[in-house]
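One file, run.tsv, is given below (TSV, C-alpha atoms).
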```
chain	number	residue	atom	x	y	z
X	1	MET	CA	3.53	10.81	18.33
X	2	ALA	CA	6.59	12.23	20.08
X	3	ALA	CA	9.81	12.79	18.16
X	4	GLY	CA	11.48	10.18	20.39
X	5	ASP	CA	9.17	7.50	18.96
X	6	LEU	CA	10.80	7.99	15.56
X	7	ARG	CA	14.21	6.50	14.79
X	8	ILE	CA	16.53	7.53	11.99
X	9	ASP	CA	19.11	4.85	11.20
X	10	GLY	CA	18.37	3.40	14.63
X	11	ALA	CA	18.88	6.61	16.66
X	12	PRO	CA	16.24	9.04	17.99
X	13	ALA	CA	15.14	11.48	15.30
X	14	THR	CA	16.74	14.92	15.50
X	15	ALA	CA	15.16	18.27	14.73
X	16	GLY	CA	17.19	18.42	11.52
X	17	ASP	CA	15.87	15.03	10.40
X	18	LEU	CA	12.30	16.06	11.09
X	19	SER	CA	12.74	19.43	9.39
X	20	GLN	CA	13.92	17.71	6.22
X	21	LEU	CA	10.98	15.29	6.31
X	22	ALA	CA	8.56	18.19	6.85
X	23	LEU	CA	9.97	20.41	4.11
X	24	VAL	CA	11.10	17.98	1.39
X	25	ASN	CA	8.55	15.51	0.12
X	26	TYR	CA	10.92	13.07	-1.62
X	27	GLY	CA	11.15	9.46	-0.57
X	28	ALA	CA	9.39	6.14	-0.34
X	29	TYR	CA	8.06	3.87	2.37
X	30	THR	CA	6.29	0.67	3.22
X	31	SER	CA	4.13	-0.13	6.24
X	32	PHE	CA	2.76	-3.30	7.77
X	33	ARG	CA	1.46	-5.10	10.85
X	34	VAL	CA	4.02	-6.82	13.07
X	35	GLU	CA	2.63	-9.95	14.75
X	36	GLY	CA	4.76	-11.52	17.45
X	37	GLY	CA	7.87	-10.09	15.82
X	38	GLY	CA	6.93	-11.40	12.37
X	39	VAL	CA	5.43	-9.86	9.23
X	40	ARG	CA	3.24	-11.42	6.55
X	41	GLY	CA	4.95	-10.79	3.23
X	42	LEU	CA	8.12	-9.41	4.80
X	43	ASP	CA	10.07	-10.52	1.74
X	44	LEU	CA	7.82	-8.36	-0.44
X	45	HIS	CA	8.17	-5.30	1.81
X	46	LEU	CA	11.95	-5.65	1.83
X	47	ALA	CA	12.04	-6.02	-1.95
X	48	ARG	CA	9.86	-2.90	-2.29
X	49	LEU	CA	12.22	-0.86	-0.11
X	50	GLU	CA	15.32	-2.03	-1.94
X	51	ALA	CA	13.85	-1.35	-5.39
X	52	SER	CA	12.66	2.11	-4.26
X	53	ALA	CA	16.07	2.95	-2.80
X	54	VAL	CA	17.83	2.13	-6.05
X	55	GLU	CA	15.31	3.99	-8.23
X	56	LEU	CA	15.02	7.12	-6.08
X	57	PHE	CA	18.49	7.42	-4.52
X	58	GLY	CA	20.77	5.30	-6.71
X	59	GLU	CA	21.88	2.77	-4.07
X	60	PRO	CA	20.23	-0.06	-2.10
X	61	VAL	CA	20.01	0.01	1.68
X	62	GLY	CA	20.83	-3.67	2.14
X	63	GLU	CA	18.39	-6.27	3.42
X	64	GLU	CA	20.37	-7.09	6.57
X	65	ARG	CA	20.56	-3.41	7.53
X	66	LEU	CA	16.83	-3.00	6.97
X	67	ARG	CA	16.11	-6.05	9.10
X	68	ARG	CA	18.42	-4.83	11.87
X	69	LEU	CA	16.71	-1.43	12.01
X	70	MET	CA	13.27	-3.03	11.95
X	71	ARG	CA	14.19	-5.39	14.80
X	72	ALA	CA	15.45	-2.47	16.87
X	73	ALA	CA	12.25	-0.51	16.22
X	74	VAL	CA	9.99	-3.32	17.45
X	75	SER	CA	12.24	-4.78	20.16
X	76	ASP	CA	9.81	-3.77	22.91
X	77	ARG	CA	6.67	-3.79	20.71
X	78	PRO	CA	6.40	-7.23	19.05
X	79	ASP	CA	2.79	-6.47	18.06
X	80	CYS	CA	2.48	-3.10	16.35
X	81	TRP	CA	2.25	-1.26	13.05
X	82	LEU	CA	5.65	-0.43	11.56
X	83	ARG	CA	6.32	2.21	8.93
X	84	VAL	CA	9.76	2.17	7.28
X	85	SER	CA	10.62	5.26	5.21
X	86	LEU	CA	13.57	6.18	3.02
X	87	PHE	CA	14.82	9.77	2.63
X	88	SER	CA	17.95	11.89	2.23
X	89	LEU	CA	19.15	15.04	3.96
X	90	GLN	CA	21.07	15.97	0.79
X	91	ILE	CA	18.15	16.02	-1.66
X	92	GLY	CA	15.98	19.09	-2.09
X	93	PRO	CA	14.33	21.22	-4.78
X	94	ARG	CA	17.67	22.92	-5.61
X	95	THR	CA	19.85	19.86	-5.00
X	96	PRO	CA	18.10	16.92	-6.67
X	97	GLU	CA	21.23	15.18	-7.99
X	98	TRP	CA	22.61	13.48	-4.85
X	99	ARG	CA	23.13	9.71	-5.11
X	100	GLY	CA	23.86	7.36	-2.23
X	101	VAL	CA	22.38	5.12	0.45
X	102	PRO	CA	19.25	6.78	1.87
X	103	LYS	CA	18.51	7.23	5.54
X	104	VAL	CA	15.95	4.87	7.08
X	105	MET	CA	13.20	6.16	9.37
X	106	THR	CA	11.22	3.67	11.45
X	107	ALA	CA	8.04	4.41	13.37
X	108	ALA	CA	6.37	1.74	15.52
X	109	LEU	CA	2.71	2.63	16.07
X	110	PRO	CA	-0.49	1.03	17.36
X	111	PRO	CA	-2.03	-1.14	14.60
X	112	PRO	CA	-4.77	0.75	12.71
X	113	PRO	CA	-8.25	-0.76	12.40
X	114	PRO	CA	-9.46	-2.01	9.00
X	115	LEU	CA	-10.68	0.76	6.70
X	116	ALA	CA	-14.29	-0.45	6.83
X	117	GLU	CA	-16.57	-3.48	6.67
X	118	SER	CA	-17.85	-2.40	3.25
X	119	LEU	CA	-17.21	0.51	0.91
X	120	ARG	CA	-19.07	2.72	-1.55
X	121	LEU	CA	-16.60	4.11	-4.07
X	122	GLN	CA	-16.65	7.29	-6.09
X	123	VAL	CA	-15.06	7.04	-9.53
X	124	GLN	CA	-12.37	9.68	-10.07
X	125	ARG	CA	-10.32	10.24	-13.21
X	126	HIS	CA	-6.81	10.16	-11.81
X	127	SER	CA	-3.42	8.44	-12.06
X	128	ARG	CA	-0.81	8.70	-9.33
X	129	HIS	CA	2.61	10.00	-10.33
X	130	ALA	CA	5.04	7.06	-10.63
X	131	PRO	CA	2.24	4.67	-9.62
X	132	HIS	CA	4.59	1.69	-9.24
X	133	LEU	CA	6.23	3.42	-6.25
X	134	LYS	CA	4.86	3.69	-2.73
X	135	HIS	CA	6.28	7.19	-2.51
X	136	SER	CA	5.81	9.75	0.22
X	137	GLY	CA	3.68	12.13	-1.84
X	138	ALA	CA	0.16	11.76	-0.41
X	139	PHE	CA	-1.52	15.06	-1.35
X	140	ASP	CA	-3.53	13.59	-4.21
X	141	LEU	CA	-4.58	10.53	-2.19
X	142	ILE	CA	-5.86	12.51	0.78
X	143	ARG	CA	-7.61	14.98	-1.49
X	144	ALA	CA	-9.26	12.12	-3.41
X	145	ARG	CA	-10.65	10.65	-0.19
X	146	ARG	CA	-11.85	14.08	0.98
X	147	LEU	CA	-13.68	14.68	-2.29
X	148	ALA	CA	-15.24	11.22	-2.21
X	149	ARG	CA	-16.51	11.64	1.34
X	150	ALA	CA	-17.81	15.13	0.66
X	151	ALA	CA	-19.86	13.57	-2.16
X	152	GLY	CA	-21.33	10.91	0.15
X	153	PHE	CA	-18.99	8.03	-0.69
X	154	ASP	CA	-16.46	6.23	1.48
X	155	ASP	CA	-13.42	6.36	-0.78
X	156	ALA	CA	-12.15	6.96	-4.31
X	157	LEU	CA	-11.53	4.50	-7.15
X	158	PHE	CA	-9.17	5.74	-9.85
X	159	VAL	CA	-9.77	5.40	-13.58
X	160	ASP	CA	-6.95	6.54	-15.88
X	161	GLU	CA	-7.14	8.66	-19.02
X	162	ALA	CA	-7.51	5.51	-21.14
X	163	GLY	CA	-10.64	4.56	-19.19
X	164	ARG	CA	-9.01	1.70	-17.28
X	165	VAL	CA	-9.83	0.98	-13.66
X	166	SER	CA	-6.52	0.95	-11.80
X	167	GLU	CA	-6.43	1.27	-7.99
X	168	GLY	CA	-7.90	3.16	-5.08
X	169	SER	CA	-6.58	5.86	-2.79
X	170	LEU	CA	-4.84	3.43	-0.43
X	171	TRP	CA	-5.57	-0.01	-1.81
X	172	ASN	CA	-5.88	-2.42	-4.72
X	173	ILE	CA	-9.21	-3.63	-6.06
X	174	GLY	CA	-10.25	-7.05	-7.30
X	175	PHE	CA	-13.42	-8.21	-9.04
X	176	LEU	CA	-15.22	-11.53	-8.62
X	177	SER	CA	-16.67	-13.68	-11.39
X	178	GLY	CA	-17.66	-17.04	-9.94
X	179	ASP	CA	-14.46	-18.56	-8.54
X	180	LEU	CA	-12.29	-16.22	-10.59
X	181	VAL	CA	-10.65	-13.07	-9.21
X	182	VAL	CA	-9.95	-10.44	-11.88
X	183	TRP	CA	-7.25	-7.87	-11.09
X	184	PRO	CA	-7.26	-4.71	-13.24
X	185	ASP	CA	-4.49	-4.37	-15.80
X	186	ALA	CA	-3.31	-0.76	-15.52
X	187	PRO	CA	-0.39	1.20	-14.06
X	188	MET	CA	-0.65	0.94	-10.27
X	189	LEU	CA	1.17	0.03	-7.08
X	190	ALA	CA	1.63	-3.72	-6.73
X	191	GLY	CA	0.24	-4.13	-3.23
X	192	VAL	CA	1.63	-6.59	-0.71
X	193	GLY	CA	-1.88	-7.43	0.49
X	194	GLN	CA	-2.84	-8.21	-3.09
X	195	ALA	CA	0.25	-10.40	-3.53
X	196	LEU	CA	-0.49	-12.35	-0.35
X	197	ILE	CA	-4.04	-13.04	-1.49
X	198	ARG	CA	-2.72	-14.25	-4.84
X	199	ARG	CA	-0.29	-16.60	-3.11
X	200	GLY	CA	-3.14	-18.26	-1.20
X	201	LEU	CA	-5.91	-18.35	-3.81
X	202	ALA	CA	-5.40	-21.92	-4.98
X	203	ALA	CA	-5.64	-23.28	-1.43
X	204	ALA	CA	-8.90	-21.34	-1.01
X	205	GLY	CA	-10.38	-22.90	-4.16
X	206	LEU	CA	-10.07	-19.73	-6.23
X	207	ASN	CA	-7.98	-18.67	-9.22
X	208	ASP	CA	-7.20	-15.31	-10.76
X	209	THR	CA	-6.24	-13.40	-13.85
X	210	VAL	CA	-5.12	-9.89	-14.78
X	211	ALA	CA	-7.24	-8.14	-17.40
X	212	ARG	CA	-8.28	-4.67	-18.46
X	213	VAL	CA	-11.40	-3.50	-16.62
X	214	ASP	CA	-13.40	-0.53	-17.86
X	215	LEU	CA	-16.42	0.96	-16.09
X	216	PRO	CA	-18.89	-0.54	-18.63
X	217	ASP	CA	-17.51	-3.98	-17.63
X	218	LEU	CA	-18.76	-3.76	-14.04
X	219	GLY	CA	-22.02	-5.52	-14.86
X	220	ARG	CA	-20.24	-8.76	-15.74
X	221	PHE	CA	-18.84	-9.20	-12.22
X	222	ASP	CA	-20.57	-10.78	-9.23
X	223	GLY	CA	-18.76	-8.68	-6.66
X	224	ALA	CA	-15.73	-6.59	-5.82
X	225	PHE	CA	-13.36	-6.08	-2.91
X	226	ILE	CA	-10.39	-3.96	-1.86
X	227	CYS	CA	-7.22	-5.05	-0.09
X	228	ASN	CA	-4.15	-3.59	1.57
X	229	SER	CA	-1.90	-4.46	4.49
X	230	ALA	CA	-4.24	-2.93	7.08
X	231	THR	CA	-7.43	-4.27	5.48
X	232	PRO	CA	-6.76	-7.72	3.97
X	233	VAL	CA	-10.22	-7.90	2.37
X	234	CYS	CA	-13.18	-5.50	2.41
X	235	ALA	CA	-16.30	-5.87	0.27
X	236	VAL	CA	-17.26	-3.13	-2.21
X	237	VAL	CA	-21.03	-2.56	-2.25
X	238	ALA	CA	-21.08	0.15	-4.94
X	239	ILE	CA	-18.93	1.85	-7.54
X	240	GLY	CA	-20.66	5.04	-8.53
X	241	ASP	CA	-24.30	4.07	-9.09
X	242	HIS	CA	-23.48	0.41	-9.81
X	243	GLY	CA	-24.25	-1.81	-6.83
X	244	PHE	CA	-22.71	-5.15	-5.88
X	245	ALA	CA	-24.08	-7.86	-3.64
X	246	VAL	CA	-21.76	-8.83	-0.80
X	247	ARG	CA	-20.63	-12.41	-1.46
X	248	GLY	CA	-19.93	-13.42	2.10
X	249	GLU	CA	-18.54	-16.85	1.24
X	250	SER	CA	-16.14	-15.43	-1.34
X	251	ILE	CA	-14.99	-12.71	1.05
X	252	GLU	CA	-14.19	-15.34	3.69
X	253	ARG	CA	-12.29	-17.43	1.14
X	254	LEU	CA	-10.26	-14.38	0.16
X	255	ARG	CA	-9.49	-13.67	3.81
X	256	ALA	CA	-8.43	-17.30	4.21
X	257	ALA	CA	-6.14	-16.92	1.18
X	258	TRP	CA	-4.46	-13.91	2.82
X	259	ALA	CA	-4.23	-15.60	6.24
X	260	SER	CA	-2.59	-18.69	4.72
X	261	ASN	CA	0.65	-16.69	4.55
X	262	PRO	CA	2.38	-17.07	7.93
X	263	PRO	CA	4.31	-14.15	9.46
X	264	GLN	CA	8.00	-14.18	8.51
X	265	PRO	CA	10.43	-13.39	11.35
X	266	ILE	CA	12.15	-10.03	11.03
```
Exercise: express the given structure as structure tokens:
Amino acid sequence: MAAGDLRIDGAPATAGDLSQLALVNYGAYTSFRVEGGGVRGLDLHLARLEASAVELFGEPVGEERLRRLMRAAVSDRPDCWLRVSLFSLQIGPRTPEWRGVPKVMTAALPPPPPLAESLRLQVQRHSRHAPHLKHSGAFDLIRARRLARAAGFDDALFVDEAGRVSEGSLWNIGFLSGDLVVWPDAPMLAGVGQALIRRGLAAAGLNDTVARVDLPDLGRFDGAFICNSATPVCAVVAIGDHGFAVRGESIERLRAAWASNPPQPI
């Protein structure tokens, strides 16, 4: 992607902007599919950015400013994938104390395909730093996926030091027990895809709960799936050596729950 495809506060990215992004890994972002100029769960993405701005930089960006920059980024690409990132030119390893409104980088890209049609997951003992944040530090996530694939799996499922299943490298996980969806109770990123599914579950004839899930509990579930903004629902066929049947009807109901959320205009 050319530097001109990136915008910083609405203007083409400069070499200085890109140098800071390349050398200082401090910030947060969200990313999502834009459909006809609208976004499913836009309110959740905006809330994520505002909360991250306050926690990491000390000041919010402002919803109207975020919307204005998003609209400018997709003005000639109403169907795309948009990444919105927050960073500061003033913050670095020797100057961590700056507080203020962060800069906003937007990147409009071709929409990525879903991660997969089904996944085999390797269990890895790991917890992301500040797991509630969608922060720009991706070293551990990429390494986790590399290790999983080198071992013959598709992706990595994280289990924390207390033995709790939490999340995956790029996604949330849910477990199926009849018409009940069980979301793991552990420190993790609250995914927008997960939230959209939860909003539509009742209309799809499903309900859900949040409960601790340990690896020995896997046998009490009928199935499992992962979800994120690029992959609304994808069946899990194995976690380690524990296999799951693909419950096609349940997967379609979950996809219907996600799709019941209409795109919100930017």
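In this structure, CA of Ala238 (chain X) sits 26.2 Å away from CA of His129 (chain X).
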request  = Tell me, as a ChimeraX atom specification, which residues lie within 6 Å of region 100-108 of chain X, counting only C-alpha atoms; anything in the same chain fewer than 2 positions away does not count.
outcome  = /X:6-9,57-59,61,81-88
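CA of Phe158 (chain X) is found 10.9 Å from CA of Arg145 (chain X).
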* Could you give me, as an MDAnalysis selection string, the residues within 7 Å of region 115-123 of chain X, counting only C-alpha atoms and dropping anything in the same chain fewer than 6 positions from it? => chainID X and resid 148 153:159 231 234:240
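Across the structure, CA of Asp222 (chain X) and CA of Ser177 (chain X) are spaced 5.3 Å apart.
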Across X:Ala150, X:Leu18, X:Ala13, X:Ala224, the smallest distance to Val246 (chain X), with all atoms listed in the file counted, is shown by X:Ala224
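Comparing X:Ala51, X:Val34, X:Ala257, X:Leu196 by their smallest distance to Leu109 (chain X), the closest is X:Val34 (using all atoms listed in the file).
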Repair of region 114-138 of chain X at the level of N, CA, C and O atoms, as a PDB file, in the frame of the given file:
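The new file part.pdb reads:
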```
ATOM      1  N   PRO X 114      -9.151  -1.926  10.436  1.00  0.00           N
ATOM      2  CA  PRO X 114      -9.460  -2.010   9.000  1.00  0.00           C
ATOM      3  C   PRO X 114     -10.170  -0.746   8.531  1.00  0.00           C
ATOM      4  O   PRO X 114     -10.818  -0.042   9.321  1.00  0.00           O
ATOM      5  N   LEU X 115     -10.059  -0.445   7.246  1.00  0.00           N
ATOM      6  CA  LEU X 115     -10.680   0.760   6.700  1.00  0.00           C
ATOM      7  C   LEU X 115     -12.175   0.782   6.913  1.00  0.00           C
ATOM      8  O   LEU X 115     -12.763   1.819   7.234  1.00  0.00           O
ATOM      9  N   ALA X 116     -12.835  -0.379   6.718  1.00  0.00           N
ATOM     10  CA  ALA X 116     -14.290  -0.450   6.830  1.00  0.00           C
ATOM     11  C   ALA X 116     -14.716  -1.903   6.700  1.00  0.00           C
ATOM     12  O   ALA X 116     -13.905  -2.785   6.411  1.00  0.00           O
ATOM     13  N   GLU X 117     -15.999  -2.157   6.924  1.00  0.00           N
ATOM     14  CA  GLU X 117     -16.570  -3.480   6.670  1.00  0.00           C
ATOM     15  C   GLU X 117     -17.074  -3.594   5.236  1.00  0.00           C
ATOM     16  O   GLU X 117     -17.147  -4.677   4.667  1.00  0.00           O
ATOM     17  N   SER X 118     -17.441  -2.459   4.651  1.00  0.00           N
ATOM     18  CA  SER X 118     -17.850  -2.400   3.250  1.00  0.00           C
ATOM     19  C   SER X 118     -17.646  -0.974   2.774  1.00  0.00           C
ATOM     20  O   SER X 118     -17.581  -0.044   3.582  1.00  0.00           O
ATOM     21  N   LEU X 119     -17.545  -0.806   1.453  1.00  0.00           N
ATOM     22  CA  LEU X 119     -17.210   0.510   0.910  1.00  0.00           C
ATOM     23  C   LEU X 119     -18.088   0.863  -0.287  1.00  0.00           C
ATOM     24  O   LEU X 119     -18.388   0.012  -1.123  1.00  0.00           O
ATOM     25  N   ARG X 120     -18.456   2.139  -0.357  1.00  0.00           N
ATOM     26  CA  ARG X 120     -19.070   2.720  -1.550  1.00  0.00           C
ATOM     27  C   ARG X 120     -18.041   3.649  -2.165  1.00  0.00           C
ATOM     28  O   ARG X 120     -17.536   4.558  -1.515  1.00  0.00           O
ATOM     29  N   LEU X 121     -17.719   3.426  -3.442  1.00  0.00           N
ATOM     30  CA  LEU X 121     -16.600   4.110  -4.070  1.00  0.00           C
ATOM     31  C   LEU X 121     -17.061   5.122  -5.109  1.00  0.00           C
ATOM     32  O   LEU X 121     -17.939   4.836  -5.925  1.00  0.00           O
ATOM     33  N   GLN X 122     -16.439   6.282  -5.063  1.00  0.00           N
ATOM     34  CA  GLN X 122     -16.650   7.290  -6.090  1.00  0.00           C
ATOM     35  C   GLN X 122     -15.588   7.118  -7.171  1.00  0.00           C
ATOM     36  O   GLN X 122     -14.406   6.985  -6.870  1.00  0.00           O
ATOM     37  N   VAL X 123     -16.000   7.129  -8.415  1.00  0.00           N
ATOM     38  CA  VAL X 123     -15.060   7.040  -9.530  1.00  0.00           C
ATOM     39  C   VAL X 123     -14.431   8.410  -9.745  1.00  0.00           C
ATOM     40  O   VAL X 123     -15.124   9.423  -9.864  1.00  0.00           O
ATOM     41  N   GLN X 124     -13.100   8.446  -9.791  1.00  0.00           N
ATOM     42  CA  GLN X 124     -12.370   9.680 -10.070  1.00  0.00           C
ATOM     43  C   GLN X 124     -11.360   9.432 -11.178  1.00  0.00           C
ATOM     44  O   GLN X 124     -10.658   8.419 -11.172  1.00  0.00           O
ATOM     45  N   ARG X 125     -11.288  10.340 -12.128  1.00  0.00           N
ATOM     46  CA  ARG X 125     -10.320  10.240 -13.210  1.00  0.00           C
ATOM     47  C   ARG X 125      -8.970  10.720 -12.670  1.00  0.00           C
ATOM     48  O   ARG X 125      -8.759  11.901 -12.407  1.00  0.00           O
ATOM     49  N   HIS X 126      -8.071   9.796 -12.438  1.00  0.00           N
ATOM     50  CA  HIS X 126      -6.810  10.160 -11.810  1.00  0.00           C
ATOM     51  C   HIS X 126      -5.800   9.032 -11.964  1.00  0.00           C
ATOM     52  O   HIS X 126      -6.156   7.859 -11.942  1.00  0.00           O
ATOM     53  N   SER X 127      -4.524   9.394 -12.099  1.00  0.00           N
ATOM     54  CA  SER X 127      -3.420   8.440 -12.060  1.00  0.00           C
ATOM     55  C   SER X 127      -2.346   9.019 -11.147  1.00  0.00           C
ATOM     56  O   SER X 127      -1.956  10.185 -11.311  1.00  0.00           O
ATOM     57  N   ARG X 128      -1.880   8.230 -10.207  1.00  0.00           N
ATOM     58  CA  ARG X 128      -0.810   8.700  -9.330  1.00  0.00           C
ATOM     59  C   ARG X 128       0.482   8.886 -10.134  1.00  0.00           C
ATOM     60  O   ARG X 128       0.742   8.155 -11.085  1.00  0.00           O
ATOM     61  N   HIS X 129       1.292   9.843  -9.722  1.00  0.00           N
ATOM     62  CA  HIS X 129       2.610  10.000 -10.330  1.00  0.00           C
ATOM     63  C   HIS X 129       3.472   8.810  -9.929  1.00  0.00           C
ATOM     64  O   HIS X 129       3.471   8.394  -8.766  1.00  0.00           O
ATOM     65  N   ALA X 130       4.200   8.243 -10.885  1.00  0.00           N
ATOM     66  CA  ALA X 130       5.040   7.060 -10.630  1.00  0.00           C
ATOM     67  C   ALA X 130       4.246   6.029  -9.829  1.00  0.00           C
ATOM     68  O   ALA X 130       4.589   5.697  -8.698  1.00  0.00           O
ATOM     69  N   PRO X 131       3.155   5.523 -10.401  1.00  0.00           N
ATOM     70  CA  PRO X 131       2.240   4.670  -9.620  1.00  0.00           C
ATOM     71  C   PRO X 131       2.850   3.380  -9.112  1.00  0.00           C
ATOM     72  O   PRO X 131       2.323   2.779  -8.170  1.00  0.00           O
ATOM     73  N   HIS X 132       3.964   2.926  -9.709  1.00  0.00           N
ATOM     74  CA  HIS X 132       4.590   1.690  -9.240  1.00  0.00           C
ATOM     75  C   HIS X 132       5.320   1.864  -7.924  1.00  0.00           C
ATOM     76  O   HIS X 132       5.712   0.876  -7.300  1.00  0.00           O
ATOM     77  N   LEU X 133       5.510   3.126  -7.486  1.00  0.00           N
ATOM     78  CA  LEU X 133       6.230   3.420  -6.250  1.00  0.00           C
ATOM     79  C   LEU X 133       5.258   3.736  -5.116  1.00  0.00           C
ATOM     80  O   LEU X 133       4.265   4.439  -5.315  1.00  0.00           O
ATOM     81  N   LYS X 134       5.581   3.257  -3.927  1.00  0.00           N
ATOM     82  CA  LYS X 134       4.860   3.690  -2.730  1.00  0.00           C
ATOM     83  C   LYS X 134       5.646   4.886  -2.178  1.00  0.00           C
ATOM     84  O   LYS X 134       6.424   4.774  -1.222  1.00  0.00           O
ATOM     85  N   HIS X 135       5.468   6.022  -2.842  1.00  0.00           N
ATOM     86  CA  HIS X 135       6.280   7.190  -2.510  1.00  0.00           C
ATOM     87  C   HIS X 135       5.575   8.041  -1.459  1.00  0.00           C
ATOM     88  O   HIS X 135       4.394   7.828  -1.133  1.00  0.00           O
ATOM     89  N   SER X 136       6.312   8.998  -0.923  1.00  0.00           N
ATOM     90  CA  SER X 136       5.810   9.750   0.220  1.00  0.00           C
ATOM     91  C   SER X 136       4.827  10.850  -0.154  1.00  0.00           C
ATOM     92  O   SER X 136       4.246  11.469   0.731  1.00  0.00           O
ATOM     93  N   GLY X 137       4.628  11.107  -1.429  1.00  0.00           N
ATOM     94  CA  GLY X 137       3.680  12.130  -1.840  1.00  0.00           C
ATOM     95  C   GLY X 137       2.245  11.657  -1.682  1.00  0.00           C
ATOM     96  O   GLY X 137       1.793  10.791  -2.416  1.00  0.00           O
ATOM     97  N   ALA X 138       1.520  12.230  -0.715  1.00  0.00           N
ATOM     98  CA  ALA X 138       0.160  11.760  -0.410  1.00  0.00           C
ATOM     99  C   ALA X 138      -0.909  12.823  -0.626  1.00  0.00           C
ATOM    100  O   ALA X 138      -2.074  12.574  -0.325  1.00  0.00           O
TER     101      ALA X 138
END
```
